[in-house]
$ cat upload_36.cif   # mmCIF, C-alpha atoms and all ligand atoms
data_work
loop_
_atom_site.group_PDB
_atom_site.id
_atom_site.type_symbol
_atom_site.label_atom_id
_atom_site.label_comp_id
_atom_site.auth_asym_id
_atom_site.auth_seq_id
_atom_site.Cartn_x
_atom_site.Cartn_y
_atom_site.Cartn_z
ATOM 1 C CA MET A 1 96.413 147.179 77.722
ATOM 2 C CA LYS A 2 93.755 148.437 80.025
ATOM 3 C CA MET A 3 91.839 145.173 79.636
ATOM 4 C CA ARG A 4 94.905 143.128 80.423
ATOM 5 C CA ARG A 5 95.583 145.134 83.569
ATOM 6 C CA LYS A 6 92.013 144.601 84.671
ATOM 7 C CA THR A 7 92.309 140.871 84.092
ATOM 8 C CA MET A 8 95.571 140.824 86.029
ATOM 9 C CA LEU A 9 93.885 142.625 88.910
ATOM 10 C CA VAL A 10 91.052 140.105 88.995
ATOM 11 C CA VAL A 11 93.487 137.182 88.864
ATOM 12 C CA MET A 12 95.626 138.706 91.592
ATOM 13 C CA THR A 13 92.598 139.302 93.807
ATOM 14 C CA LEU A 14 91.409 135.750 93.319
ATOM 15 C CA LEU A 15 94.864 134.364 94.040
ATOM 16 C CA LEU A 16 95.142 136.442 97.184
ATOM 17 C CA ALA A 17 91.701 135.380 98.423
ATOM 18 C CA TYR A 18 92.403 131.737 97.656
ATOM 19 C CA GLY A 19 95.828 131.959 99.229
ATOM 20 C CA LEU A 20 94.461 133.494 102.398
ATOM 21 C CA GLN A 21 91.790 130.847 102.566
ATOM 22 C CA VAL A 22 94.373 128.080 102.271
ATOM 23 C CA VAL A 23 96.497 129.666 104.994
ATOM 24 C CA TYR A 24 93.428 130.107 107.173
ATOM 25 C CA VAL A 25 92.227 126.534 106.759
ATOM 26 C CA LYS A 26 95.666 124.999 107.186
ATOM 27 C CA SER A 27 97.036 126.827 110.147
ATOM 28 C CA LEU A 28 94.156 127.626 112.438
ATOM 29 C CA PRO A 29 95.930 127.141 115.763
ATOM 30 C CA SER A 30 94.276 124.930 118.305
ATOM 31 C CA GLU A 31 94.047 125.383 122.068
ATOM 32 C CA GLN A 32 93.006 121.748 122.418
ATOM 33 C CA ILE A 33 94.429 118.539 121.057
ATOM 34 C CA THR A 34 93.213 114.948 120.880
ATOM 35 C CA ILE A 35 95.488 112.281 122.349
ATOM 36 C CA LEU A 36 94.292 108.787 121.414
ATOM 37 C CA GLY A 37 95.138 105.837 123.681
ATOM 38 C CA TYR A 38 95.247 102.266 122.341
ATOM 39 C CA HIS A 39 96.374 98.952 123.814
ATOM 40 C CA HIS A 40 96.690 95.587 122.060
ATOM 41 C CA ILE A 41 95.793 95.092 118.376
ATOM 42 C CA VAL A 42 95.266 91.714 116.673
ATOM 43 C CA GLU A 43 94.087 90.391 113.327
ATOM 44 C CA ASP A 44 90.306 90.113 113.091
ATOM 45 C CA LYS A 45 90.307 86.300 113.077
ATOM 46 C CA ASP A 46 92.398 86.256 116.269
ATOM 47 C CA LYS A 47 90.155 88.861 117.905
ATOM 48 C CA GLU A 48 87.243 86.545 117.143
ATOM 49 C CA ALA A 49 89.051 83.409 118.310
ATOM 50 C CA TYR A 50 90.873 84.596 121.440
ATOM 51 C CA PHE A 51 89.795 88.062 122.563
ATOM 52 C CA LYS A 52 86.150 88.373 121.599
ATOM 53 C CA GLY A 53 84.847 89.958 124.794
ATOM 54 C CA ASN A 54 88.038 91.817 125.678
ATOM 55 C CA MET A 55 87.597 95.573 125.296
ATOM 56 C CA TRP A 56 91.349 96.193 125.544
ATOM 57 C CA VAL A 57 92.092 94.229 122.384
ATOM 58 C CA ASN A 58 91.209 96.096 119.173
ATOM 59 C CA SER A 59 90.851 94.436 115.796
ATOM 60 C CA LEU A 60 93.254 95.395 113.042
ATOM 61 C CA SER A 61 90.386 96.306 110.700
ATOM 62 C CA SER A 62 88.882 98.759 113.200
ATOM 63 C CA PHE A 63 92.290 100.346 113.770
ATOM 64 C CA GLU A 64 92.839 100.695 110.049
ATOM 65 C CA ALA A 65 89.343 102.175 109.544
ATOM 66 C CA GLN A 66 90.135 104.788 112.203
ATOM 67 C CA MET A 67 93.483 105.736 110.650
ATOM 68 C CA LYS A 68 91.917 105.853 107.182
ATOM 69 C CA LEU A 69 89.210 108.185 108.466
ATOM 70 C CA LEU A 70 91.805 110.496 110.004
ATOM 71 C CA LYS A 71 93.659 110.626 106.713
ATOM 72 C CA GLU A 72 90.506 111.271 104.675
ATOM 73 C CA LYS A 73 89.452 114.074 107.003
ATOM 74 C CA GLY A 74 92.820 115.785 106.697
ATOM 75 C CA TYR A 75 94.326 114.971 110.084
ATOM 76 C CA HIS A 76 98.032 114.551 110.679
ATOM 77 C CA SER A 77 99.823 113.088 113.660
ATOM 78 C CA VAL A 78 102.248 114.991 115.849
ATOM 79 C CA SER A 79 104.948 113.783 118.230
ATOM 80 C CA LEU A 80 104.955 114.090 122.009
ATOM 81 C CA GLN A 81 107.813 116.579 121.654
ATOM 82 C CA ASP A 82 105.427 118.689 119.509
ATOM 83 C CA VAL A 83 102.804 118.449 122.269
ATOM 84 C CA TYR A 84 105.403 119.535 124.819
ATOM 85 C CA GLU A 85 106.427 122.587 122.759
ATOM 86 C CA TRP A 86 102.751 123.431 122.264
ATOM 87 C CA ARG A 87 101.928 123.043 125.959
ATOM 88 C CA MET A 88 104.848 125.330 126.842
ATOM 89 C CA GLY A 89 103.528 127.936 124.391
ATOM 90 C CA ARG A 90 106.494 127.675 122.061
ATOM 91 C CA LYS A 91 104.711 126.080 119.129
ATOM 92 C CA GLU A 92 101.301 126.191 117.490
ATOM 93 C CA LEU A 93 99.510 123.015 116.486
ATOM 94 C CA ASP A 94 96.629 123.270 114.057
ATOM 95 C CA GLU A 95 93.203 121.841 114.712
ATOM 96 C CA LYS A 96 93.877 118.820 112.504
ATOM 97 C CA SER A 97 96.678 117.622 114.783
ATOM 98 C CA VAL A 98 96.249 114.343 116.581
ATOM 99 C CA VAL A 99 98.469 112.268 118.886
ATOM 100 C CA ILE A 100 98.448 108.461 118.611
ATOM 101 C CA THR A 101 99.636 106.435 121.612
ATOM 102 C CA PHE A 102 99.770 102.756 122.568
ATOM 103 C CA ASP A 103 100.091 101.522 126.146
ATOM 104 C CA ASP A 104 101.980 98.595 127.674
ATOM 105 C CA GLY A 105 104.625 97.991 124.975
ATOM 106 C CA PHE A 106 102.898 95.141 123.189
ATOM 107 C CA TYR A 107 104.695 93.613 120.224
ATOM 108 C CA SER A 108 101.468 94.212 118.281
ATOM 109 C CA SER A 109 102.187 97.959 118.268
ATOM 110 C CA ILE A 110 105.167 97.137 116.053
ATOM 111 C CA LYS A 111 103.767 94.146 114.166
ATOM 112 C CA TYR A 112 100.303 95.524 113.386
ATOM 113 C CA ALA A 113 99.951 99.220 114.221
ATOM 114 C CA GLN A 114 103.176 100.438 112.684
ATOM 115 C CA PRO A 115 102.533 99.283 109.079
ATOM 116 C CA ILE A 116 99.128 101.009 109.207
ATOM 117 C CA LEU A 117 100.679 104.184 110.574
ATOM 118 C CA GLU A 118 103.221 104.041 107.777
ATOM 119 C CA LYS A 119 100.525 103.474 105.156
ATOM 120 C CA TYR A 120 98.693 106.654 106.181
ATOM 121 C CA GLY A 121 101.779 108.731 106.947
ATOM 122 C CA PHE A 122 101.282 108.855 110.722
ATOM 123 C CA GLN A 123 103.587 108.356 113.698
ATOM 124 C CA GLY A 124 102.855 106.981 117.138
ATOM 125 C CA SER A 125 104.273 106.641 120.638
ATOM 126 C CA VAL A 126 104.367 103.474 122.707
ATOM 127 C CA PHE A 127 104.438 103.528 126.521
ATOM 128 C CA VAL A 128 106.444 100.539 127.690
ATOM 129 C CA ILE A 129 106.215 98.660 130.997
ATOM 130 C CA GLY A 130 109.920 98.146 131.720
ATOM 131 C CA SER A 131 109.565 94.951 133.758
ATOM 132 C CA GLN A 132 107.589 93.299 130.948
ATOM 133 C CA ILE A 133 110.010 93.931 128.106
ATOM 134 C CA GLU A 134 110.783 90.511 126.638
ATOM 135 C CA ALA A 135 114.374 89.319 126.510
ATOM 136 C CA ASN A 136 114.157 87.584 123.138
ATOM 137 C CA ARG A 137 111.798 87.792 120.201
ATOM 138 C CA SER A 138 109.850 84.576 120.423
ATOM 139 C CA GLU A 139 107.597 83.275 117.700
ATOM 140 C CA TYR A 140 104.351 85.262 117.392
ATOM 141 C CA LYS A 141 101.485 83.587 119.235
ATOM 142 C CA PRO A 142 98.144 85.194 118.347
ATOM 143 C CA ASN A 143 96.441 84.082 121.585
ATOM 144 C CA LYS A 144 99.112 85.696 123.807
ATOM 145 C CA ARG A 145 99.758 89.318 124.548
ATOM 146 C CA GLN A 146 103.463 89.374 123.828
ATOM 147 C CA HIS A 147 105.603 92.372 124.666
ATOM 148 C CA ALA A 148 108.290 93.951 122.524
ATOM 149 C CA THR A 149 111.989 93.346 123.102
ATOM 150 C CA LEU A 150 114.511 96.190 123.263
ATOM 151 C CA ALA A 151 115.789 95.026 119.869
ATOM 152 C CA ASP A 152 112.261 95.215 118.404
ATOM 153 C CA MET A 153 112.098 98.830 119.544
ATOM 154 C CA GLN A 154 115.299 99.733 117.759
ATOM 155 C CA HIS A 155 114.082 98.871 114.295
ATOM 156 C CA THR A 156 110.963 100.954 114.088
ATOM 157 C CA LYS A 157 110.361 103.841 111.732
ATOM 158 C CA LYS A 158 107.037 105.257 112.856
ATOM 159 C CA LEU A 159 107.065 104.562 116.588
ATOM 160 C CA SER A 160 108.828 106.161 119.551
ATOM 161 C CA PHE A 161 109.075 104.408 122.910
ATOM 162 C CA TYR A 162 108.521 106.037 126.268
ATOM 163 C CA ALA A 163 107.782 105.169 129.880
ATOM 164 C CA HIS A 164 104.802 103.395 131.456
ATOM 165 C CA SER A 165 106.656 102.722 134.746
ATOM 166 C CA PHE A 166 109.033 99.837 135.377
ATOM 167 C CA ASP A 167 106.765 97.862 137.686
ATOM 168 C CA LEU A 168 103.758 99.953 138.764
ATOM 169 C CA HIS A 169 101.378 98.167 136.426
ATOM 170 C CA HIS A 170 99.559 96.289 139.190
ATOM 171 C CA LYS A 171 96.202 96.886 140.791
ATOM 172 C CA ASP A 172 95.921 93.894 143.098
ATOM 173 C CA GLY A 173 94.798 95.295 146.452
ATOM 174 C CA GLY A 174 94.845 98.838 145.073
ATOM 175 C CA PHE A 175 96.846 100.684 142.467
ATOM 176 C CA ARG A 176 100.558 100.169 143.071
ATOM 177 C CA VAL A 177 101.348 103.858 142.503
ATOM 178 C CA HIS A 178 99.290 104.736 145.591
ATOM 179 C CA GLN A 179 101.055 102.160 147.789
ATOM 180 C CA LEU A 180 104.683 103.188 147.361
ATOM 181 C CA THR A 181 106.886 105.746 149.098
ATOM 182 C CA LYS A 182 108.532 108.567 147.203
ATOM 183 C CA GLU A 183 111.832 106.717 147.341
ATOM 184 C CA ALA A 184 110.304 103.560 145.877
ATOM 185 C CA LEU A 185 108.683 105.595 143.090
ATOM 186 C CA GLN A 186 112.056 107.218 142.362
ATOM 187 C CA ILE A 187 113.724 103.812 142.128
ATOM 188 C CA ASP A 188 111.011 102.541 139.797
ATOM 189 C CA THR A 189 111.439 105.604 137.556
ATOM 190 C CA GLN A 190 115.223 105.209 137.481
ATOM 191 C CA LYS A 191 114.913 101.543 136.523
ATOM 192 C CA GLU A 192 112.534 102.497 133.735
ATOM 193 C CA ALA A 193 114.947 105.216 132.563
ATOM 194 C CA SER A 194 117.693 102.603 132.103
ATOM 195 C CA LEU A 195 115.485 100.889 129.477
ATOM 196 C CA VAL A 196 113.442 103.530 127.624
ATOM 197 C CA SER A 197 113.178 107.307 127.454
ATOM 198 C CA THR A 198 111.370 108.797 130.444
ATOM 199 C CA GLU A 199 110.964 112.168 128.713
ATOM 200 C CA PHE A 200 107.304 111.270 128.399
ATOM 201 C CA TYR A 201 105.435 109.039 130.833
ATOM 202 C CA ALA A 202 101.977 107.466 130.837
ATOM 203 C CA TYR A 203 100.699 106.483 134.277
ATOM 204 C CA PRO A 204 99.604 102.815 134.480
ATOM 205 C CA TYR A 205 95.767 102.777 134.363
ATOM 206 C CA GLY A 206 95.996 106.570 134.121
ATOM 207 C CA LYS A 207 96.344 106.679 137.926
ATOM 208 C CA TYR A 208 98.558 109.264 139.577
ATOM 209 C CA ASN A 209 99.001 111.248 142.782
ATOM 210 C CA PRO A 210 101.090 114.297 143.841
ATOM 211 C CA LEU A 211 103.985 112.036 144.877
ATOM 212 C CA ILE A 212 104.574 110.422 141.484
ATOM 213 C CA GLN A 213 104.030 113.797 139.790
ATOM 214 C CA GLU A 214 106.754 115.292 142.000
ATOM 215 C CA VAL A 215 109.083 112.360 141.290
ATOM 216 C CA LEU A 216 108.628 112.793 137.529
ATOM 217 C CA LYS A 217 109.166 116.561 137.709
ATOM 218 C CA GLN A 218 112.399 116.091 139.641
ATOM 219 C CA HIS A 219 113.445 113.317 137.289
ATOM 220 C CA GLY A 220 113.109 115.667 134.307
ATOM 221 C CA THR A 221 110.096 114.094 132.613
ATOM 222 C CA LYS A 222 108.512 116.704 130.328
ATOM 223 C CA LEU A 223 104.903 115.517 130.185
ATOM 224 C CA ALA A 224 102.882 112.769 131.857
ATOM 225 C CA PHE A 225 99.599 111.311 130.664
ATOM 226 C CA GLY A 226 96.459 109.977 132.283
ATOM 227 C CA PHE A 227 93.988 107.696 130.523
ATOM 228 C CA ASN A 228 90.250 107.413 130.000
ATOM 229 C CA GLU A 229 89.477 111.074 130.763
ATOM 230 C CA ASN A 230 87.986 111.080 127.275
ATOM 231 C CA ARG A 231 88.478 114.752 126.593
ATOM 232 C CA LYS A 232 90.951 116.796 124.617
ATOM 233 C CA ALA A 233 94.112 118.081 126.273
ATOM 234 C CA SER A 234 94.207 121.838 126.596
ATOM 235 C CA ARG A 235 97.010 124.325 127.131
ATOM 236 C CA GLN A 236 95.655 124.930 130.616
ATOM 237 C CA ASP A 237 96.010 121.297 131.665
ATOM 238 C CA ASP A 238 98.637 120.231 134.180
ATOM 239 C CA PRO A 239 101.587 118.980 132.067
ATOM 240 C CA TYR A 240 101.843 116.054 134.515
ATOM 241 C CA ALA A 241 98.195 115.076 134.058
ATOM 242 C CA LEU A 242 97.319 115.371 130.385
ATOM 243 C CA PRO A 243 94.091 113.577 129.450
ATOM 244 C CA ARG A 244 93.760 110.870 126.803
ATOM 245 C CA PHE A 245 90.914 109.200 124.995
ATOM 246 C CA ASN A 246 90.312 105.493 125.540
ATOM 247 C CA VAL A 247 89.997 103.920 122.083
ATOM 248 C CA ASN A 248 88.913 100.354 122.773
ATOM 249 C CA ALA A 249 87.224 97.461 121.009
ATOM 250 C CA TYR A 250 83.782 99.012 121.574
ATOM 251 C CA THR A 251 84.648 102.425 120.129
ATOM 252 C CA LYS A 252 82.434 102.877 117.087
ATOM 253 C CA LEU A 253 83.746 104.888 114.146
ATOM 254 C CA ASP A 254 81.318 107.807 114.667
ATOM 255 C CA VAL A 255 82.314 108.049 118.341
ATOM 256 C CA PHE A 256 85.957 107.897 117.282
ATOM 257 C CA TYR A 257 85.391 110.768 114.874
ATOM 258 C CA GLN A 258 83.831 112.823 117.661
ATOM 259 C CA MET A 259 87.031 112.347 119.690
ATOM 260 C CA VAL A 260 89.061 114.205 117.100
ATOM 261 C CA SER A 261 86.509 116.602 115.672
ATOM 262 C CA GLN A 262 84.594 117.999 118.652
HETATM 263 ZN ZN ZN A 301 98.898 100.081 130.757
#

$ encode --input "upload_36.cif" --output "structure tokens"
Amino acid sequence: MKMRRKTMLVVMTLLLAYGLQVVYVKSLPSEQITILGYHHIVEDKDKEAYFKGNMWVNSLSSFEAQMKLLKEKGYHSVSLQDVYEWRMGRKELDEKSVVITFDDGFYSSIKYAQPILEKYGFQGSVFVIGSQIEANRSEYKPNKRQHATLADMQHTKKLSFYAHSFDLHHKDGGFRVHQLTKEALQIDTQKEASLVSTEFYAYPYGKYNPLIQEVLKQHGTKLAFGFNENRKASRQDDPYALPRFNVNAYTKLDVFYQMVSQ
């Protein structure tokens, strides 16, 4: 009897220690979170044939290697709504949380990124340029950077679609966002809102100014994202200027791992 009680005590102690360890490892809350920013993704043979020197076009195999690494290292993806709740202090995200985003609304986000996300149990968000949404799904042309249609966006399981402006994605003679009046920025945002959700907004080229930030605040946008700051977003960051990492064709796997782990 005495022996059995002793054994029970040992087992209980071990269970408790193990349990605590699991809780500790799993739910260590994070004050910083990695937001990854991708653009176009193509099959490796098409990268080689049509986009060899283009840093904004990632190969499918490199994207898959990155997602596989995240999975193997115990990361999980969270939604932009999760990031919003976290930023507002209403939700904790653990240190293995990562946000996966794709800019410009390319059809490749659906055709190539989504199946990989699904394979590894991740979700992603796509920031769509309203004026470039295609009217009809044309045949896939690997040498072109085709954009998604509204219908394409409706049949996705792992992707959510948000705003990347209606028509501010120009930098001829300076970034368009810096050239427009508040009224013009409001009109652009309203046009975008008639096509996709403007709850979350990524600035074209990551460029913003106080005017567009004010427009988005008044419009009711919850969070807005820069690009290429290449640092984690923290709870102290301006919710209308959250930084993202630039994951491009030259991002090596060890550098990618540093983006999420450091
Ligand atoms: Zn863009």

$ residues_near_ligand --input "upload_36.cif" --ligand "ligand ZN 301 (chain A)" --cutoff "9 Å" --atoms "all atoms listed in the file" --output "count of residues only"
15

$ resolve_selection --input "upload_36.cif" --expression "the PyMOL selection byres (((chain A and resi 43) around 12) and not hetatm)" --output "JSON, numbers by chain"
{"A": [40, 41, 42, 44, 45, 46, 47, 48, 49, 50, 51, 52, 57, 58, 59, 60, 61, 62, 63, 64, 108, 111, 112, 113, 141, 142, 143]}

$ closest_residue --input "upload_36.cif" --among "A:Ala151, A:Gly121, A:Glu183, A:Gln81" --to "A:Ala224" --atoms "only C-alpha atoms"
A:Gln81

$ closest_residue --input "upload_36.cif" --among "A:Pro239, A:Pro115, A:Gly74, A:Gly173" --to "A:Lys158" --atoms "all atoms listed in the file"
A:Pro115

$ closest_residue --input "upload_36.cif" --among "A:Val78, A:Val99, A:Ile212, A:Ala163" --to "A:Gly130" --atoms "all atoms listed in the file"
A:Ala163

$ atom_distance --input "upload_36.cif" --atom1 "atom CA of A:Lys73" --atom2 "atom CA of A:Lys96"
8.5 Å

$ atom_distance --input "upload_36.cif" --atom1 "atom CA of A:Arg87" --atom2 "atom CA of A:Leu36"
16.8 Å

$ resolve_selection --input "upload_36.cif" --expression "the PyMOL selection byres (((chain A and resi 229) around 8) and not hetatm)" --output "MDAnalysis selection string"
chainID A and resid 226:228 230:231 243:246

$ residues_around --input "upload_36.cif" --residues "A:Thr198" --least-positions-apart "6" --cutoff "12 Å" --atoms "all atoms listed in the file" --output "ChimeraX atom specification"
/A:80,126-130,160-166,188-192,215-224

$ write_last_selection --input "upload_36.cif" --atoms "C-alpha atoms" --output "PDB file, keeping the file's coordinate frame"
ATOM      1  CA  LEU A  80     104.955 114.090 122.009  1.00  0.00           C
ATOM      2  CA  VAL A 126     104.367 103.474 122.707  1.00  0.00           C
ATOM      3  CA  PHE A 127     104.438 103.528 126.521  1.00  0.00           C
ATOM      4  CA  VAL A 128     106.444 100.539 127.690  1.00  0.00           C
ATOM      5  CA  ILE A 129     106.215  98.660 130.997  1.00  0.00           C
ATOM      6  CA  GLY A 130     109.920  98.146 131.720  1.00  0.00           C
ATOM      7  CA  SER A 160     108.828 106.161 119.551  1.00  0.00           C
ATOM      8  CA  PHE A 161     109.075 104.408 122.910  1.00  0.00           C
ATOM      9  CA  TYR A 162     108.521 106.037 126.268  1.00  0.00           C
ATOM     10  CA  ALA A 163     107.782 105.169 129.880  1.00  0.00           C
ATOM     11  CA  HIS A 164     104.802 103.395 131.456  1.00  0.00           C
ATOM     12  CA  SER A 165     106.656 102.722 134.746  1.00  0.00           C
ATOM     13  CA  PHE A 166     109.033  99.837 135.377  1.00  0.00           C
ATOM     14  CA  ASP A 188     111.011 102.541 139.797  1.00  0.00           C
ATOM     15  CA  THR A 189     111.439 105.604 137.556  1.00  0.00           C
ATOM     16  CA  GLN A 190     115.223 105.209 137.481  1.00  0.00           C
ATOM     17  CA  LYS A 191     114.913 101.543 136.523  1.00  0.00           C
ATOM     18  CA  GLU A 192     112.534 102.497 133.735  1.00  0.00           C
ATOM     19  CA  VAL A 215     109.083 112.360 141.290  1.00  0.00           C
ATOM     20  CA  LEU A 216     108.628 112.793 137.529  1.00  0.00           C
ATOM     21  CA  LYS A 217     109.166 116.561 137.709  1.00  0.00           C
ATOM     22  CA  GLN A 218     112.399 116.091 139.641  1.00  0.00           C
ATOM     23  CA  HIS A 219     113.445 113.317 137.289  1.00  0.00           C
ATOM     24  CA  GLY A 220     113.109 115.667 134.307  1.00  0.00           C
ATOM     25  CA  THR A 221     110.096 114.094 132.613  1.00  0.00           C
ATOM     26  CA  LYS A 222     108.512 116.704 130.328  1.00  0.00           C
ATOM     27  CA  LEU A 223     104.903 115.517 130.185  1.00  0.00           C
ATOM     28  CA  ALA A 224     102.882 112.769 131.857  1.00  0.00           C
TER      29      ALA A 224
END

$ resolve_selection --input "upload_36.cif" --expression "the PyMOL selection byres (((chain A and resi 134) around 6) and not hetatm)" --output "PyMOL selection string"
chain A and resi 133+135-136+147-149

$ atom_distance --input "upload_36.cif" --atom1 "atom CA of A:Met55" --atom2 "atom CA of A:Gly174"
21.3 Å

$ closest_residue --input "upload_36.cif" --among "A:Lys119, A:Glu95, A:Tyr84, A:Arg176" --to "A:Glu199" --atoms "only C-alpha atoms"
A:Tyr84

$ axis_aligned_box --input "upload_36.cif" --around "stretch 211-225 of chain A" --padding-each-side "3 Å" --output "AutoDock Vina command-line options"
--center_x 106.5 --center_y 113.6 --center_z 137.5 --size_x 19.8 --size_y 12.3 --size_z 20.7

$ closest_residue --input "upload_36.cif" --among "A:Thr251, A:Tyr120, A:Asp172, A:Gln262" --to "A:Leu69" --atoms "all atoms listed in the file"
A:Tyr120

$ closest_residue --input "upload_36.cif" --among "A:Leu150, A:Ala193, A:Val177, A:Ile187" --to "A:Arg137" --atoms "only C-alpha atoms"
A:Leu150
